[in-house]
Amino acid sequence: MELRDYVSAVRKRWWLVATTACLALAAAVVMTARTAPTYAAGVTFFVSTPSSGVTDAYQGGLFSQQRARSYVSLVGSDRLARSVAADPAVGLDAAGVRKRISARTVPDTVLLEVTVVDTDSERALRVSQAVATKFAALVATLETPPGAANPTVRVDVVTGPSVSTDPISPQPARNFAIALLLGLVAGAAAAVLRELLDNSIRSVATLRQATGKAILAAVPHDAHALESPLLVEDAAWSPRGEAMRHLRTNLQFVDPDRRARCVVVTSALPDEGKSTIACNLAIVLAEAGHRVLLVDADVRRPKLAEYLDLEGAVGLTNVLVGQVDVDTAVQRWGEQELWVLPSGTIPPNPSELLGSQQMTRLLAEVSEDYEYVVVDTSPLLVVTDAAVVASRADGAVLVTRAGRTTIAQAQAAVEAIEAVSARLFGCVLNGVRGTGGDAYTYAYGPHEGAHRPQRALPASPAKPVEDDEPEPVNAGTRGA
């Protein structure tokens, strides 16, 4: 990946970066709120060696620096801790004193800084006062040679003891800044990692490369599609509607020698939008003046009757078992020549029923009565129904959802269709986001006096209307 690819991955998943940063910031807030404030009391010692003359002073200074470095360990010794703990004002045992004391030397000097950290500022001050007294006495004891009256090294307090008025920790501003920075870095890393591991199809180019098939349409993402899945009224002139008309045009020219009359619409997995694509394809075909039959062959989870607000109790399965004839089972929808054959009663043996000779004869019969037959089927990778029906139709259209269908799933779906010697006309990429080459960026609207498809209830009987028969019922009414 190049730098622009990393930037693109972060921009595409900005929500992941923002979420990670917010979580890190929230964690910092909680930890800061739950951390008890601590205070620091300090005292500074000056280490000196008695000397006379410049040479002795120089050598004494070097000796004092070495001694000061040694005293860092002496500050944390058990002997000093027991001595400090013996002071009644301290109120701590030796272990508690040792845990709170630390020391360091100021580089290239003979200064020794001792710091006492405690959640109680007053106790920190009392401990530092005790250290100031006890440490000087301990050094004098240790540095006095046997039989001598004076020590060879002196330790004098030059600063303190004093305690800070403000706690040294926690520091909210610093904690929040660090948490936010770490959250942003972690979020960006997670976004890039997801991009590297993501094998879902998000563009037309990826789908074409994965399947090796023609891309018949790229349907843009529409936030209102869940509430209004059908291309009726204003939705007919949306970018989604234009994409469906693009699909209609490509299907009409997919085979210049033989028009595809019976088209199966399927997908690799559920929830990729195949039923909606099938409905809208039938609507735009009827809008162009064709006589269209929409068949719900997804008899396991039928959706078309619900989408079109039709009665689905009697339909395809009832026709296949001979309970009713096809003319009785189909229902008209809308003002155009659009007829719908619902799924009917859910059978116990869907694959056998859809693969029967009755299904083959039915598709051949309706292909003669209608200019186009659009068949909605089950997902290919879940059950074998779609492949069985596709082998009896003129061809199939594979619907994939951007960001959901993976490359492996799309390839497996293509293999499932080709395994039964069925023809795959091409693929549809549904739910394309963004304003790049895979999305429509023009504004569409109806031409002056153009017809707007209306949502309508069916008219019965379902027998196709002949030229000498009365006009169909108006949209929005339902026949007896």
# chains A, B, ... in the order shown; residues from 1 in each chain; ligands from 1
$ residues_around --residues "Ser275 in chain A" --least-positions-apart "3" --cutoff "10 Å" --atoms "only C-alpha atoms" --output "ChimeraX atom specification"
/A:229,265-267,270-272,278-281,296,298,302-304,307,375-378,399
$ select_by_dssp --residues "range 27-109 of chain A" --states "alpha helix (DSSP H)" --output "ChimeraX atom specification"
/A:27-34,54-75,78-85,94-100
$ residues_around --residues "Ala68 in chain A" --least-positions-apart "6" --cutoff "10 Å" --atoms "only C-alpha atoms" --output "PyMOL selection string"
chain A and resi 45-48+62+74+104-106+109-113+155
$ write_last_selection --atoms "N, CA, C and O atoms" --output "compact mmCIF listing (two decimals), in the first residue's frame"
# COMPACT_ATOMS: atom_id res chain seq x y z
N PHE A 45 19.86 18.20 49.88
CA PHE A 45 21.04 18.15 50.72
C PHE A 45 22.26 18.59 49.92
O PHE A 45 22.36 18.32 48.72
N PHE A 46 23.18 19.23 50.64
CA PHE A 46 24.47 19.63 50.05
C PHE A 46 25.54 18.76 50.69
O PHE A 46 25.69 18.75 51.93
N VAL A 47 26.28 18.01 49.87
CA VAL A 47 27.31 17.09 50.34
C VAL A 47 28.66 17.78 50.19
O VAL A 47 29.02 18.23 49.09
N SER A 48 29.42 17.89 51.28
CA SER A 48 30.71 18.59 51.24
C SER A 48 31.76 17.82 52.02
O SER A 48 31.43 17.00 52.91
N LEU A 62 35.17 16.25 43.77
CA LEU A 62 34.97 14.96 43.09
C LEU A 62 34.56 13.88 44.07
O LEU A 62 33.69 13.05 43.79
N LEU A 74 21.51 4.97 49.84
CA LEU A 74 21.38 5.05 51.28
C LEU A 74 20.02 5.60 51.69
O LEU A 74 19.48 5.20 52.73
N ARG A 104 17.63 11.40 44.04
CA ARG A 104 18.43 11.52 42.82
C ARG A 104 19.46 12.62 43.05
O ARG A 104 19.26 13.54 43.86
N THR A 105 20.54 12.53 42.30
CA THR A 105 21.57 13.56 42.37
C THR A 105 21.38 14.52 41.19
O THR A 105 20.97 14.11 40.11
N VAL A 106 21.70 15.78 41.43
CA VAL A 106 21.70 16.76 40.35
C VAL A 106 23.00 16.57 39.57
O VAL A 106 24.09 16.62 40.18
N THR A 109 26.92 18.05 40.15
CA THR A 109 26.87 18.83 41.38
C THR A 109 27.00 17.89 42.57
O THR A 109 27.04 16.65 42.41
N VAL A 110 27.05 18.49 43.77
CA VAL A 110 27.09 17.70 45.01
C VAL A 110 25.74 17.79 45.72
O VAL A 110 25.66 17.59 46.93
N LEU A 111 24.67 18.08 44.95
CA LEU A 111 23.34 18.20 45.52
C LEU A 111 22.59 16.88 45.42
O LEU A 111 22.65 16.19 44.39
N LEU A 112 21.91 16.55 46.48
CA LEU A 112 21.12 15.32 46.55
C LEU A 112 19.69 15.72 46.86
O LEU A 112 19.42 16.35 47.88
N GLU A 113 18.77 15.35 45.95
CA GLU A 113 17.36 15.70 46.12
C GLU A 113 16.59 14.47 46.58
O GLU A 113 16.64 13.41 45.94
N VAL A 155 26.67 16.62 55.44
CA VAL A 155 25.43 16.72 54.66
C VAL A 155 24.59 17.80 55.33
O VAL A 155 24.20 17.67 56.50
$ closest_residue --among "A:Val366, A:Ala243, A:Glu371, A:Thr35" --to "Val292 in chain A" --atoms "only C-alpha atoms"
A:Glu371
$ atom_distance --atom1 "CA of Phe253 in chain A" --atom2 "CA of Ala364 in chain A"
21.2 Å
$ closest_residue --among "A:Leu251, A:Met244, A:Leu181, A:Leu293" --to "Val373 in chain A" --atoms "only C-alpha atoms"
A:Leu293
$ atom_distance --atom1 "CA of Val90 in chain A" --atom2 "CA of Pro170 in chain A"
24.3 Å
$ residues_around --residues "Thr405 in chain A" --least-positions-apart "3" --cutoff "6 Å" --atoms "only C-alpha atoms" --output "list in words"
Ser200, Ile201, Thr400 and Arg401 of chain A
$ write_last_selection --atoms "N, CA and C atoms" --output "tab-separated table (two decimals), in the first residue's frame"
chain	number	residue	atom	x	y	z
A	200	SER	N	-14.05	-7.78	1.36
A	200	SER	CA	-15.38	-7.55	0.82
A	200	SER	C	-15.29	-6.72	-0.46
A	201	ILE	N	-16.33	-6.83	-1.27
A	201	ILE	CA	-16.37	-6.11	-2.55
A	201	ILE	C	-16.98	-4.74	-2.31
A	400	THR	N	-24.84	-8.47	-5.61
A	400	THR	CA	-23.90	-8.42	-4.48
A	400	THR	C	-24.08	-7.09	-3.77
A	401	ARG	N	-23.81	-7.08	-2.49
A	401	ARG	CA	-23.91	-5.84	-1.72
A	401	ARG	C	-22.53	-5.32	-1.39
$ residues_around --residues "Pro342 in chain A" --least-positions-apart "2" --cutoff "9 Å" --atoms "only C-alpha atoms" --output "VMD selection string"
chain A and resid 294 to 297 299 302 to 305 310 to 317 329 to 331 340 344
$ write_last_selection --atoms "N, CA, C and O atoms" --output "PDB file, in the first residue's frame"
ATOM      1  N   LEU A 294     -43.566 -10.974 -12.725  1.00  0.00           N
ATOM      2  CA  LEU A 294     -42.613 -11.094 -11.623  1.00  0.00           C
ATOM      3  C   LEU A 294     -42.987 -12.329 -10.806  1.00  0.00           C
ATOM      4  O   LEU A 294     -44.097 -12.427 -10.282  1.00  0.00           O
ATOM      5  N   VAL A 295     -42.067 -13.281 -10.695  1.00  0.00           N
ATOM      6  CA  VAL A 295     -42.324 -14.559 -10.036  1.00  0.00           C
ATOM      7  C   VAL A 295     -41.495 -14.640  -8.754  1.00  0.00           C
ATOM      8  O   VAL A 295     -40.281 -14.403  -8.775  1.00  0.00           O
ATOM      9  N   ASP A 296     -42.138 -14.975  -7.655  1.00  0.00           N
ATOM     10  CA  ASP A 296     -41.445 -15.162  -6.387  1.00  0.00           C
ATOM     11  C   ASP A 296     -41.133 -16.638  -6.216  1.00  0.00           C
ATOM     12  O   ASP A 296     -41.963 -17.424  -5.757  1.00  0.00           O
ATOM     13  N   ALA A 297     -39.921 -17.038  -6.625  1.00  0.00           N
ATOM     14  CA  ALA A 297     -39.490 -18.423  -6.481  1.00  0.00           C
ATOM     15  C   ALA A 297     -38.639 -18.630  -5.238  1.00  0.00           C
ATOM     16  O   ALA A 297     -38.081 -19.712  -5.048  1.00  0.00           O
ATOM     17  N   VAL A 299     -39.293 -19.564  -2.264  1.00  0.00           N
ATOM     18  CA  VAL A 299     -40.437 -20.117  -1.533  1.00  0.00           C
ATOM     19  C   VAL A 299     -40.109 -20.404  -0.067  1.00  0.00           C
ATOM     20  O   VAL A 299     -41.006 -20.755   0.703  1.00  0.00           O
ATOM     21  N   PRO A 302     -40.286 -15.922   1.240  1.00  0.00           N
ATOM     22  CA  PRO A 302     -40.866 -15.038   0.221  1.00  0.00           C
ATOM     23  C   PRO A 302     -40.989 -13.604   0.722  1.00  0.00           C
ATOM     24  O   PRO A 302     -41.341 -13.363   1.881  1.00  0.00           O
ATOM     25  N   LYS A 303     -40.700 -12.634  -0.164  1.00  0.00           N
ATOM     26  CA  LYS A 303     -40.736 -11.226   0.199  1.00  0.00           C
ATOM     27  C   LYS A 303     -41.578 -10.376  -0.741  1.00  0.00           C
ATOM     28  O   LYS A 303     -42.010  -9.284  -0.369  1.00  0.00           O
ATOM     29  N   LEU A 304     -41.796 -10.844  -1.958  1.00  0.00           N
ATOM     30  CA  LEU A 304     -42.409  -9.979  -2.968  1.00  0.00           C
ATOM     31  C   LEU A 304     -43.825  -9.580  -2.605  1.00  0.00           C
ATOM     32  O   LEU A 304     -44.226  -8.429  -2.817  1.00  0.00           O
ATOM     33  N   ALA A 305     -44.624 -10.499  -2.085  1.00  0.00           N
ATOM     34  CA  ALA A 305     -45.993 -10.158  -1.711  1.00  0.00           C
ATOM     35  C   ALA A 305     -46.016  -9.074  -0.644  1.00  0.00           C
ATOM     36  O   ALA A 305     -46.851  -8.169  -0.668  1.00  0.00           O
ATOM     37  N   LEU A 310     -49.401  -7.498  -1.690  1.00  0.00           N
ATOM     38  CA  LEU A 310     -50.284  -8.441  -2.380  1.00  0.00           C
ATOM     39  C   LEU A 310     -50.608  -9.615  -1.467  1.00  0.00           C
ATOM     40  O   LEU A 310     -49.937  -9.855  -0.454  1.00  0.00           O
ATOM     41  N   GLU A 311     -51.600 -10.360  -1.837  1.00  0.00           N
ATOM     42  CA  GLU A 311     -51.958 -11.585  -1.124  1.00  0.00           C
ATOM     43  C   GLU A 311     -51.059 -12.706  -1.623  1.00  0.00           C
ATOM     44  O   GLU A 311     -51.047 -13.015  -2.825  1.00  0.00           O
ATOM     45  N   GLY A 312     -50.294 -13.328  -0.726  1.00  0.00           N
ATOM     46  CA  GLY A 312     -49.326 -14.336  -1.150  1.00  0.00           C
ATOM     47  C   GLY A 312     -49.668 -15.743  -0.771  1.00  0.00           C
ATOM     48  O   GLY A 312     -48.823 -16.638  -0.890  1.00  0.00           O
ATOM     49  N   ALA A 313     -50.887 -16.006  -0.306  1.00  0.00           N
ATOM     50  CA  ALA A 313     -51.244 -17.354   0.131  1.00  0.00           C
ATOM     51  C   ALA A 313     -51.336 -18.331  -1.028  1.00  0.00           C
ATOM     52  O   ALA A 313     -51.081 -19.530  -0.868  1.00  0.00           O
ATOM     53  N   VAL A 314     -51.709 -17.837  -2.194  1.00  0.00           N
ATOM     54  CA  VAL A 314     -51.826 -18.690  -3.391  1.00  0.00           C
ATOM     55  C   VAL A 314     -50.855 -18.159  -4.423  1.00  0.00           C
ATOM     56  O   VAL A 314     -50.825 -16.955  -4.705  1.00  0.00           O
ATOM     57  N   GLY A 315     -50.063 -19.074  -4.983  1.00  0.00           N
ATOM     58  CA  GLY A 315     -49.084 -18.610  -5.943  1.00  0.00           C
ATOM     59  C   GLY A 315     -48.365 -19.743  -6.636  1.00  0.00           C
ATOM     60  O   GLY A 315     -48.967 -20.750  -7.031  1.00  0.00           O
ATOM     61  N   LEU A 316     -47.033 -19.595  -6.761  1.00  0.00           N
ATOM     62  CA  LEU A 316     -46.222 -20.495  -7.570  1.00  0.00           C
ATOM     63  C   LEU A 316     -46.349 -21.947  -7.127  1.00  0.00           C
ATOM     64  O   LEU A 316     -46.563 -22.840  -7.964  1.00  0.00           O
ATOM     65  N   THR A 317     -46.185 -22.211  -5.861  1.00  0.00           N
ATOM     66  CA  THR A 317     -46.223 -23.604  -5.410  1.00  0.00           C
ATOM     67  C   THR A 317     -47.581 -24.240  -5.649  1.00  0.00           C
ATOM     68  O   THR A 317     -47.662 -25.444  -5.964  1.00  0.00           O
ATOM     69  N   ALA A 329     -53.640 -17.515 -10.457  1.00  0.00           N
ATOM     70  CA  ALA A 329     -52.712 -17.210  -9.373  1.00  0.00           C
ATOM     71  C   ALA A 329     -52.037 -15.852  -9.534  1.00  0.00           C
ATOM     72  O   ALA A 329     -51.682 -15.219  -8.543  1.00  0.00           O
ATOM     73  N   VAL A 330     -51.849 -15.388 -10.769  1.00  0.00           N
ATOM     74  CA  VAL A 330     -51.130 -14.115 -10.944  1.00  0.00           C
ATOM     75  C   VAL A 330     -52.037 -12.950 -10.576  1.00  0.00           C
ATOM     76  O   VAL A 330     -53.267 -13.028 -10.675  1.00  0.00           O
ATOM     77  N   GLN A 331     -51.405 -11.863 -10.124  1.00  0.00           N
ATOM     78  CA  GLN A 331     -52.123 -10.651  -9.733  1.00  0.00           C
ATOM     79  C   GLN A 331     -51.483  -9.450 -10.420  1.00  0.00           C
ATOM     80  O   GLN A 331     -50.262  -9.385 -10.545  1.00  0.00           O
ATOM     81  N   VAL A 340     -47.804 -10.259 -11.140  1.00  0.00           N
ATOM     82  CA  VAL A 340     -46.996 -10.864 -10.076  1.00  0.00           C
ATOM     83  C   VAL A 340     -47.548 -12.242  -9.751  1.00  0.00           C
ATOM     84  O   VAL A 340     -48.756 -12.408  -9.562  1.00  0.00           O
ATOM     85  N   GLY A 344     -46.809 -18.429  -2.871  1.00  0.00           N
ATOM     86  CA  GLY A 344     -47.833 -19.397  -2.492  1.00  0.00           C
ATOM     87  C   GLY A 344     -47.493 -20.104  -1.199  1.00  0.00           C
ATOM     88  O   GLY A 344     -46.681 -19.651  -0.389  1.00  0.00           O
TER      89      GLY A 344
END
$ select_by_dssp --residues "range 244-448 of chain A" --states "strand (DSSP E)" --output "PyMOL selection string"
chain A and resi 262-267+292-296+331-332+338-341+372-376+395-401+424-432
$ write_last_selection --atoms "N, CA, C and O atoms" --output "short mmCIF file (atom, residue, chain, number, x, y, z; two decimals), in the first residue's frame"
data_model
loop_
_atom_site.label_atom_id
_atom_site.label_comp_id
_atom_site.auth_asym_id
_atom_site.auth_seq_id
_atom_site.Cartn_x
_atom_site.Cartn_y
_atom_site.Cartn_z
N CYS A 262 -36.59 -14.67 -19.84
CA CYS A 262 -36.75 -15.17 -18.47
C CYS A 262 -35.44 -14.97 -17.71
O CYS A 262 -34.42 -15.60 -18.02
N VAL A 263 -35.46 -14.07 -16.73
CA VAL A 263 -34.25 -13.68 -16.01
C VAL A 263 -34.41 -14.04 -14.53
O VAL A 263 -35.40 -13.64 -13.90
N VAL A 264 -33.46 -14.78 -14.01
CA VAL A 264 -33.44 -15.14 -12.59
C VAL A 264 -32.57 -14.13 -11.85
O VAL A 264 -31.46 -13.82 -12.28
N VAL A 265 -33.09 -13.61 -10.75
CA VAL A 265 -32.33 -12.68 -9.90
C VAL A 265 -31.99 -13.40 -8.61
O VAL A 265 -32.89 -13.88 -7.91
N THR A 266 -30.70 -13.49 -8.30
CA THR A 266 -30.26 -14.20 -7.11
C THR A 266 -29.09 -13.47 -6.49
O THR A 266 -28.63 -12.44 -6.98
N SER A 267 -28.59 -14.03 -5.38
CA SER A 267 -27.45 -13.44 -4.68
C SER A 267 -26.67 -14.56 -4.03
O SER A 267 -27.10 -15.73 -4.02
N VAL A 292 -44.80 -7.68 -18.25
CA VAL A 292 -43.81 -8.30 -17.37
C VAL A 292 -44.52 -9.16 -16.33
O VAL A 292 -45.56 -8.78 -15.79
N LEU A 293 -43.92 -10.33 -16.06
CA LEU A 293 -44.38 -11.19 -14.98
C LEU A 293 -43.26 -11.30 -13.96
O LEU A 293 -42.13 -11.67 -14.28
N LEU A 294 -43.57 -10.97 -12.73
CA LEU A 294 -42.61 -11.09 -11.62
C LEU A 294 -42.99 -12.33 -10.81
O LEU A 294 -44.10 -12.43 -10.28
N VAL A 295 -42.07 -13.28 -10.70
CA VAL A 295 -42.32 -14.56 -10.04
C VAL A 295 -41.50 -14.64 -8.75
O VAL A 295 -40.28 -14.40 -8.78
N ASP A 296 -42.14 -14.97 -7.66
CA ASP A 296 -41.44 -15.16 -6.39
C ASP A 296 -41.13 -16.64 -6.22
O ASP A 296 -41.96 -17.42 -5.76
N GLN A 331 -51.41 -11.86 -10.12
CA GLN A 331 -52.12 -10.65 -9.73
C GLN A 331 -51.48 -9.45 -10.42
O GLN A 331 -50.26 -9.38 -10.55
N ARG A 332 -52.35 -8.54 -10.84
CA ARG A 332 -51.83 -7.35 -11.50
C ARG A 332 -51.46 -6.31 -10.46
O ARG A 332 -52.13 -6.15 -9.45
N LEU A 338 -47.74 -4.98 -15.44
CA LEU A 338 -46.91 -5.72 -14.49
C LEU A 338 -47.78 -6.70 -13.73
O LEU A 338 -48.74 -6.32 -13.05
N TRP A 339 -47.45 -7.97 -13.83
CA TRP A 339 -48.18 -9.04 -13.18
C TRP A 339 -47.25 -9.78 -12.23
O TRP A 339 -46.05 -9.89 -12.48
N VAL A 340 -47.80 -10.26 -11.14
CA VAL A 340 -47.00 -10.86 -10.08
C VAL A 340 -47.55 -12.24 -9.75
O VAL A 340 -48.76 -12.41 -9.56
N LEU A 341 -46.65 -13.21 -9.68
CA LEU A 341 -46.98 -14.56 -9.23
C LEU A 341 -46.30 -14.77 -7.88
O LEU A 341 -45.10 -15.02 -7.82
N TYR A 372 -41.26 -10.25 -20.68
CA TYR A 372 -40.18 -10.50 -19.72
C TYR A 372 -40.75 -11.22 -18.51
O TYR A 372 -41.82 -10.89 -18.02
N VAL A 373 -39.98 -12.18 -18.02
CA VAL A 373 -40.30 -12.89 -16.78
C VAL A 373 -39.11 -12.70 -15.85
O VAL A 373 -37.99 -13.12 -16.16
N VAL A 374 -39.35 -12.05 -14.71
CA VAL A 374 -38.30 -11.82 -13.71
C VAL A 374 -38.58 -12.74 -12.53
O VAL A 374 -39.66 -12.68 -11.93
N VAL A 375 -37.61 -13.58 -12.20
CA VAL A 375 -37.80 -14.60 -11.16
C VAL A 375 -36.87 -14.29 -9.98
O VAL A 375 -35.64 -14.25 -10.14
N ASP A 376 -37.47 -14.08 -8.83
CA ASP A 376 -36.69 -13.90 -7.59
C ASP A 376 -36.50 -15.26 -6.94
O ASP A 376 -37.47 -15.99 -6.72
N GLY A 395 -31.21 -16.99 -18.24
CA GLY A 395 -29.97 -16.59 -17.59
C GLY A 395 -30.26 -16.00 -16.23
O GLY A 395 -31.41 -15.91 -15.79
N ALA A 396 -29.19 -15.62 -15.54
CA ALA A 396 -29.32 -15.12 -14.17
C ALA A 396 -28.55 -13.82 -14.01
O ALA A 396 -27.61 -13.53 -14.75
N VAL A 397 -28.99 -13.05 -13.02
CA VAL A 397 -28.30 -11.84 -12.60
C VAL A 397 -27.90 -12.03 -11.15
O VAL A 397 -28.73 -12.37 -10.30
N LEU A 398 -26.61 -11.84 -10.85
CA LEU A 398 -26.10 -12.04 -9.49
C LEU A 398 -26.01 -10.68 -8.79
O LEU A 398 -25.31 -9.78 -9.26
N VAL A 399 -26.73 -10.55 -7.68
CA VAL A 399 -26.73 -9.31 -6.90
C VAL A 399 -25.74 -9.45 -5.75
O VAL A 399 -25.78 -10.43 -5.01
N THR A 400 -24.84 -8.47 -5.61
CA THR A 400 -23.90 -8.42 -4.48
C THR A 400 -24.08 -7.09 -3.77
O THR A 400 -24.48 -6.10 -4.38
N ARG A 401 -23.81 -7.08 -2.49
CA ARG A 401 -23.91 -5.84 -1.72
C ARG A 401 -22.53 -5.32 -1.39
O ARG A 401 -21.70 -6.04 -0.84
N LEU A 424 -24.87 -16.82 -16.79
CA LEU A 424 -24.85 -15.66 -15.91
C LEU A 424 -24.69 -14.41 -16.78
O LEU A 424 -23.64 -14.18 -17.36
N PHE A 425 -25.76 -13.62 -16.85
CA PHE A 425 -25.71 -12.41 -17.67
C PHE A 425 -24.70 -11.40 -17.14
O PHE A 425 -24.03 -10.70 -17.91
N GLY A 426 -24.61 -11.29 -15.84
CA GLY A 426 -23.71 -10.33 -15.23
C GLY A 426 -24.06 -10.11 -13.78
O GLY A 426 -24.89 -10.81 -13.20
N CYS A 427 -23.42 -9.12 -13.19
CA CYS A 427 -23.57 -8.85 -11.76
C CYS A 427 -24.09 -7.44 -11.53
O CYS A 427 -23.91 -6.55 -12.36
N VAL A 428 -24.72 -7.27 -10.39
CA VAL A 428 -25.18 -5.96 -9.93
C VAL A 428 -24.53 -5.69 -8.58
O VAL A 428 -24.60 -6.53 -7.68
N LEU A 429 -23.89 -4.53 -8.45
CA LEU A 429 -23.31 -4.12 -7.17
C LEU A 429 -24.30 -3.19 -6.49
O LEU A 429 -24.54 -2.08 -6.95
N ASN A 430 -24.86 -3.66 -5.40
CA ASN A 430 -25.92 -2.93 -4.71
C ASN A 430 -25.35 -2.18 -3.50
O ASN A 430 -24.44 -2.66 -2.83
N GLY A 431 -25.89 -0.99 -3.23
CA GLY A 431 -25.50 -0.23 -2.05
C GLY A 431 -24.14 0.42 -2.15
O GLY A 431 -23.43 0.52 -1.15
N VAL A 432 -23.78 0.90 -3.34
CA VAL A 432 -22.48 1.56 -3.52
C VAL A 432 -22.52 2.92 -2.82
O VAL A 432 -23.43 3.71 -3.03
#
$ residues_around --residues "range 119-131 of chain A" --least-positions-apart "6" --cutoff "12 Å" --atoms "only C-alpha atoms" --output "tab-separated table (two decimals) with C-alpha atoms, in the first residue's frame"
chain	number	residue	atom	x	y	z
A	35	THR	CA	-7.00	8.00	40.89
A	36	ALA	CA	-6.36	9.47	44.32
A	37	PRO	CA	-4.35	12.73	44.18
A	38	THR	CA	-0.76	12.46	45.37
A	39	TYR	CA	1.48	15.20	46.77
A	40	ALA	CA	5.26	15.55	46.77
A	41	ALA	CA	7.40	16.93	49.59
A	42	GLY	CA	11.06	17.56	48.91
A	43	VAL	CA	14.31	18.31	50.65
A	44	THR	CA	17.72	19.05	49.07
A	45	PHE	CA	21.04	18.15	50.72
A	74	LEU	CA	21.38	5.05	51.28
A	75	VAL	CA	18.15	7.07	51.18
A	76	GLY	CA	16.21	3.93	50.33
A	77	SER	CA	17.98	1.75	52.89
A	79	ARG	CA	18.34	1.65	58.27
A	80	LEU	CA	17.10	5.11	57.34
A	81	ALA	CA	13.54	3.84	56.94
A	82	ARG	CA	13.54	2.36	60.45
A	83	SER	CA	15.00	5.54	61.84
A	84	VAL	CA	12.31	7.69	60.18
A	85	ALA	CA	9.52	5.29	61.15
A	86	ALA	CA	10.63	5.56	64.78
A	87	ASP	CA	9.46	9.19	64.80
A	88	PRO	CA	5.93	9.15	66.31
A	89	ALA	CA	4.84	12.06	64.08
A	90	VAL	CA	5.38	9.98	60.92
A	91	GLY	CA	2.79	7.30	61.64
A	92	LEU	CA	4.21	4.76	59.18
A	93	ASP	CA	6.19	1.56	59.43
A	94	ALA	CA	9.58	1.10	57.79
A	96	GLY	CA	5.67	2.41	54.24
A	97	VAL	CA	8.46	4.95	54.60
A	98	ARG	CA	10.73	3.19	52.11
A	99	LYS	CA	7.91	2.95	49.56
A	100	ARG	CA	7.32	6.73	49.67
A	101	ILE	CA	10.94	7.93	49.48
A	102	SER	CA	13.06	8.39	46.36
A	103	ALA	CA	16.31	10.26	45.70
A	113	GLU	CA	17.36	15.70	46.12
A	137	ALA	CA	22.63	12.10	61.38
A	138	LEU	CA	22.99	8.75	59.60
A	139	VAL	CA	25.64	10.13	57.22
A	157	VAL	CA	19.93	20.82	54.18
A	159	THR	CA	16.21	23.51	50.46
A	160	GLY	CA	13.06	22.40	52.25
A	161	PRO	CA	11.47	20.45	53.60
A	162	SER	CA	8.43	21.73	51.68
A	163	VAL	CA	5.31	20.22	50.14
A	164	SER	CA	3.52	21.08	46.86
A	165	THR	CA	0.18	22.79	47.20
A	166	ASP	CA	-1.16	21.11	44.05
A	167	PRO	CA	-1.12	17.33	43.51
A	168	ILE	CA	1.55	16.03	41.20
A	169	SER	CA	-0.83	13.35	39.93
A	170	PRO	CA	-3.14	12.82	38.32
$ residues_around --residues "range 409-412 of chain A" --least-positions-apart "6" --cutoff "8 Å" --atoms "only C-alpha atoms" --output "list of chain:residue names"
A:Leu207, A:Ala210, A:Thr211, A:Ala268, A:Leu381, A:Thr400
$ write_last_selection --atoms "all heavy atoms" --output "mmCIF file, in the first residue's frame"
data_model
loop_
_atom_site.group_PDB
_atom_site.id
_atom_site.type_symbol
_atom_site.label_atom_id
_atom_site.label_comp_id
_atom_site.auth_asym_id
_atom_site.auth_seq_id
_atom_site.Cartn_x
_atom_site.Cartn_y
_atom_site.Cartn_z
ATOM 1 N N LEU A 207 -15.452 -6.126 -8.142
ATOM 2 C CA LEU A 207 -16.439 -7.146 -8.503
ATOM 3 C C LEU A 207 -16.145 -7.725 -9.874
ATOM 4 O O LEU A 207 -16.236 -8.942 -10.079
ATOM 5 C CB LEU A 207 -17.849 -6.533 -8.476
ATOM 6 C CG LEU A 207 -18.997 -7.462 -8.842
ATOM 7 C CD1 LEU A 207 -19.035 -8.668 -7.929
ATOM 8 C CD2 LEU A 207 -20.323 -6.708 -8.798
ATOM 9 N N ALA A 210 -13.143 -9.992 -9.554
ATOM 10 C CA ALA A 210 -13.406 -11.212 -8.786
ATOM 11 C C ALA A 210 -14.205 -12.231 -9.581
ATOM 12 O O ALA A 210 -13.941 -13.430 -9.496
ATOM 13 C CB ALA A 210 -14.140 -10.865 -7.487
ATOM 14 N N THR A 211 -15.201 -11.768 -10.322
ATOM 15 C CA THR A 211 -16.097 -12.691 -11.027
ATOM 16 C C THR A 211 -15.742 -12.891 -12.488
ATOM 17 O O THR A 211 -16.106 -13.913 -13.070
ATOM 18 C CB THR A 211 -17.535 -12.171 -10.933
ATOM 19 O OG1 THR A 211 -17.616 -10.874 -11.567
ATOM 20 C CG2 THR A 211 -17.971 -12.032 -9.478
ATOM 21 N N ALA A 268 -25.528 -14.236 -3.463
ATOM 22 C CA ALA A 268 -24.728 -15.247 -2.790
ATOM 23 C C ALA A 268 -25.327 -15.600 -1.435
ATOM 24 O O ALA A 268 -25.464 -16.774 -1.088
ATOM 25 C CB ALA A 268 -23.286 -14.758 -2.632
ATOM 26 N N LEU A 381 -25.658 -19.612 -2.087
ATOM 27 C CA LEU A 381 -24.776 -20.325 -1.170
ATOM 28 C C LEU A 381 -25.496 -20.874 0.047
ATOM 29 O O LEU A 381 -24.870 -21.470 0.920
ATOM 30 C CB LEU A 381 -23.641 -19.394 -0.713
ATOM 31 C CG LEU A 381 -22.788 -18.797 -1.833
ATOM 32 C CD1 LEU A 381 -21.623 -18.004 -1.249
ATOM 33 C CD2 LEU A 381 -22.288 -19.877 -2.784
ATOM 34 N N THR A 400 -24.843 -8.475 -5.605
ATOM 35 C CA THR A 400 -23.904 -8.423 -4.482
ATOM 36 C C THR A 400 -24.084 -7.087 -3.771
ATOM 37 O O THR A 400 -24.483 -6.102 -4.383
ATOM 38 C CB THR A 400 -22.458 -8.559 -4.968
ATOM 39 O OG1 THR A 400 -22.161 -7.481 -5.877
ATOM 40 C CG2 THR A 400 -22.236 -9.881 -5.671
#
